Amino acid sequence: MKIIVGKSENSMNHYAKNCIIDVIKTNDQPVLGLATGSTPVGMYQALIQAYRQGEVSFKDVTTFNLDEYVNLASDDPNSYRYFMNDQLFNHIDIQLDHTFVPNGNTTDHQQACLDYEQEIDQHDHLDLQVLGIGTNGHIGFNEPGTSFESRTHVIELEPSTREANARFFASLDDVPTHAITMGIETIMESKAILLIARGADKKQAVKELVDGKRSPDFPASALKTHPRVTMLLDEAAASLL
Ligand code: GLP
């Protein structure tokens, strides 16, 4: 795993933005895996700015998001579909029907998972997957204990994950109990991975990822055998390395 420690938030956003633009410019039909949470927001802002300055066009880009809450309407401000439209898609020239987020708002979640896998398959894998990391080592919403062979599936969120994400909701009770997430094997099939972590809250998880063993108890550790992983860290997140 290649580790890059950014000296400033700006330089991290710039680096991440350039990774994405490289993929777009070197593929005829680029397929990006995107993430939500607070971590990638600065990167999305940098991409919007690059688009406005004519540095990049998204018209041939397809995107797949990692995860989505179960039973939130797509226009609920806490849904990841809403987040992606609001933070990125509404501000660039991407075709919205080329942007995929798992469908958590359906009566048949198992079918939604199969449909998502099939859609990814039709696009012949992702060129680059952007990841954040949960303090418990989750990637997407793959909580500790998730099989490394998992494909897109429904998962029950850990209390610690619901608490970490409660800051976006009116109360903890409003945080969904379940989500649909790409599986670990699905993520591992991406040709390259960019994992971004910021802040002291993530330093323990980053240390475990770098120094710990490869085990489903710490889902991000699956990445240790992926041939092309870049970890982009700020100084606080890298402080235990
Ligand atoms: C959320 C998301 C993850 C994200 C992580 C970290 O639960 N499902 O994809 O990477 O938690 O979030 P943040 O970037 O806000 O720290």
# chains A, B, ... in the order shown; residues from 1 in each chain; ligands from 1
$ residues_around --residues "Ile24 of chain A" --least-positions-apart "3" --cutoff "9 Å" --atoms "only C-alpha atoms" --output "number ranges by chain"
A: 19-21, 27-32, 56-58, 60-61
$ residues_around --residues "Asp121 of chain A" --least-positions-apart "2" --cutoff "12 Å" --atoms "only C-alpha atoms" --output "ChimeraX atom specification"
/A:31,64,114-119,123-126,151-152,186,189-190
$ residues_near_ligand --ligand "ligand 1" --cutoff "8 Å" --atoms "only C-alpha atoms and all ligand atoms" --output "list in words"
Ala35, Thr36, Gly37, Ser38, Thr39, Pro40, Leu66, Asp67, Glu68, Leu131, Gly132, Ile133, Gly134, Thr135, His138, Ile139, Gly140, Phe141, Thr161, Arg162, Ala164, Asn165, Ala197, Arg198 and Lys202 of chain A
$ write_last_selection --atoms "N, CA and C atoms" --output "PDB file, in the first residue's frame"
ATOM      1  N   ALA A  35     -17.683   7.451  -2.758  1.00  0.00           N
ATOM      2  CA  ALA A  35     -18.003   7.257  -1.340  1.00  0.00           C
ATOM      3  C   ALA A  35     -18.727   8.485  -0.795  1.00  0.00           C
ATOM      4  N   THR A  36     -19.407   8.281   0.313  1.00  0.00           N
ATOM      5  CA  THR A  36     -20.059   9.405   0.998  1.00  0.00           C
ATOM      6  C   THR A  36     -19.334   9.645   2.320  1.00  0.00           C
ATOM      7  N   GLY A  37     -20.008  10.299   3.260  1.00  0.00           N
ATOM      8  CA  GLY A  37     -19.340  10.655   4.514  1.00  0.00           C
ATOM      9  C   GLY A  37     -18.687  12.017   4.341  1.00  0.00           C
ATOM     10  N   SER A  38     -18.103  12.533   5.423  1.00  0.00           N
ATOM     11  CA  SER A  38     -17.511  13.866   5.338  1.00  0.00           C
ATOM     12  C   SER A  38     -16.152  13.847   4.630  1.00  0.00           C
ATOM     13  N   THR A  39     -15.479  12.689   4.630  1.00  0.00           N
ATOM     14  CA  THR A  39     -14.117  12.628   4.097  1.00  0.00           C
ATOM     15  C   THR A  39     -13.988  13.086   2.637  1.00  0.00           C
ATOM     16  N   PRO A  40     -14.838  12.618   1.710  1.00  0.00           N
ATOM     17  CA  PRO A  40     -14.599  12.988   0.299  1.00  0.00           C
ATOM     18  C   PRO A  40     -15.168  14.341  -0.127  1.00  0.00           C
ATOM     19  N   LEU A  66     -20.699   3.267  -3.041  1.00  0.00           N
ATOM     20  CA  LEU A  66     -20.460   2.116  -2.181  1.00  0.00           C
ATOM     21  C   LEU A  66     -21.699   1.601  -1.482  1.00  0.00           C
ATOM     22  N   ASP A  67     -22.559   2.523  -1.044  1.00  0.00           N
ATOM     23  CA  ASP A  67     -23.581   2.070  -0.106  1.00  0.00           C
ATOM     24  C   ASP A  67     -24.770   3.026  -0.043  1.00  0.00           C
ATOM     25  N   GLU A  68     -25.802   2.572   0.620  1.00  0.00           N
ATOM     26  CA  GLU A  68     -27.017   3.376   0.797  1.00  0.00           C
ATOM     27  C   GLU A  68     -27.780   2.842   2.004  1.00  0.00           C
ATOM     28  N   LEU A 131     -12.451   5.313  -1.149  1.00  0.00           N
ATOM     29  CA  LEU A 131     -12.955   4.794   0.124  1.00  0.00           C
ATOM     30  C   LEU A 131     -12.645   5.750   1.256  1.00  0.00           C
ATOM     31  N   GLY A 132     -13.561   5.840   2.222  1.00  0.00           N
ATOM     32  CA  GLY A 132     -13.217   6.369   3.539  1.00  0.00           C
ATOM     33  C   GLY A 132     -13.017   5.157   4.431  1.00  0.00           C
ATOM     34  N   ILE A 133     -12.867   5.393   5.714  1.00  0.00           N
ATOM     35  CA  ILE A 133     -12.757   4.258   6.648  1.00  0.00           C
ATOM     36  C   ILE A 133     -13.520   4.606   7.919  1.00  0.00           C
ATOM     37  N   GLY A 134     -14.263   3.643   8.440  1.00  0.00           N
ATOM     38  CA  GLY A 134     -14.952   3.858   9.714  1.00  0.00           C
ATOM     39  C   GLY A 134     -13.968   3.672  10.857  1.00  0.00           C
ATOM     40  N   THR A 135     -14.274   4.225  12.019  1.00  0.00           N
ATOM     41  CA  THR A 135     -13.346   4.067  13.150  1.00  0.00           C
ATOM     42  C   THR A 135     -13.221   2.591  13.542  1.00  0.00           C
ATOM     43  N   HIS A 138     -14.587  -0.229   9.132  1.00  0.00           N
ATOM     44  CA  HIS A 138     -15.478  -0.582   8.023  1.00  0.00           C
ATOM     45  C   HIS A 138     -15.113   0.185   6.755  1.00  0.00           C
ATOM     46  N   ILE A 139     -15.337  -0.479   5.637  1.00  0.00           N
ATOM     47  CA  ILE A 139     -15.233   0.174   4.323  1.00  0.00           C
ATOM     48  C   ILE A 139     -16.589  -0.019   3.655  1.00  0.00           C
ATOM     49  N   GLY A 140     -17.085   1.033   3.002  1.00  0.00           N
ATOM     50  CA  GLY A 140     -18.502   1.008   2.641  1.00  0.00           C
ATOM     51  C   GLY A 140     -19.237   0.883   3.963  1.00  0.00           C
ATOM     52  N   PHE A 141     -20.176  -0.043   4.035  1.00  0.00           N
ATOM     53  CA  PHE A 141     -20.781  -0.361   5.332  1.00  0.00           C
ATOM     54  C   PHE A 141     -20.467  -1.803   5.717  1.00  0.00           C
ATOM     55  N   THR A 161     -21.409   2.566  14.572  1.00  0.00           N
ATOM     56  CA  THR A 161     -21.552   3.216  13.256  1.00  0.00           C
ATOM     57  C   THR A 161     -22.765   4.137  13.270  1.00  0.00           C
ATOM     58  N   ARG A 162     -23.864   3.657  13.872  1.00  0.00           N
ATOM     59  CA  ARG A 162     -25.065   4.500  13.926  1.00  0.00           C
ATOM     60  C   ARG A 162     -24.771   5.749  14.758  1.00  0.00           C
ATOM     61  N   ALA A 164     -21.784   7.161  15.180  1.00  0.00           N
ATOM     62  CA  ALA A 164     -20.866   8.035  14.422  1.00  0.00           C
ATOM     63  C   ALA A 164     -21.624   8.833  13.368  1.00  0.00           C
ATOM     64  N   ASN A 165     -22.665   8.240  12.793  1.00  0.00           N
ATOM     65  CA  ASN A 165     -23.395   8.916  11.719  1.00  0.00           C
ATOM     66  C   ASN A 165     -24.608   9.694  12.215  1.00  0.00           C
ATOM     67  N   ALA A 197      -8.260   9.192   4.640  1.00  0.00           N
ATOM     68  CA  ALA A 197      -8.620   9.310   6.064  1.00  0.00           C
ATOM     69  C   ALA A 197      -8.086  10.628   6.605  1.00  0.00           C
ATOM     70  N   ARG A 198      -8.947  11.300   7.332  1.00  0.00           N
ATOM     71  CA  ARG A 198      -8.574  12.594   7.929  1.00  0.00           C
ATOM     72  C   ARG A 198      -8.921  12.597   9.414  1.00  0.00           C
ATOM     73  N   LYS A 202      -9.408   8.929  13.250  1.00  0.00           N
ATOM     74  CA  LYS A 202      -9.113   7.795  12.370  1.00  0.00           C
ATOM     75  C   LYS A 202      -7.721   7.214  12.591  1.00  0.00           C
TER      76      LYS A 202
END
$ select_by_dssp --residues "segment 65-191 of chain A" --states "helix (DSSP H, G or I)" --output "PyMOL selection string"
chain A and resi 80-87+89-91+96-98+109-122+159-168+172-174+184-188
$ select_by_dssp --residues "segment 108-233 of chain A" --states "strand (DSSP E or B)" --output "list in words"
Leu128, Gln129, Val130, Leu131, Ile139, Asn142, His153, Val154, Ile155, Glu156, His178, Ala179, Ile180, Thr181, Ile193, Leu194, Leu195, Ile196, Ala197, Val229, Thr230, Met231, Leu232 and Leu233 of chain A
$ atom_distance --atom1 "atom CA of Asn136 of chain A" --atom2 "atom CA of Cys113 of chain A"
23.6 Å
$ closest_residue --among "A:Gly42, A:Gly33, A:Gly199, A:Gly183" --to "Pro219 of chain A" --atoms "only C-alpha atoms"
A:Gly183
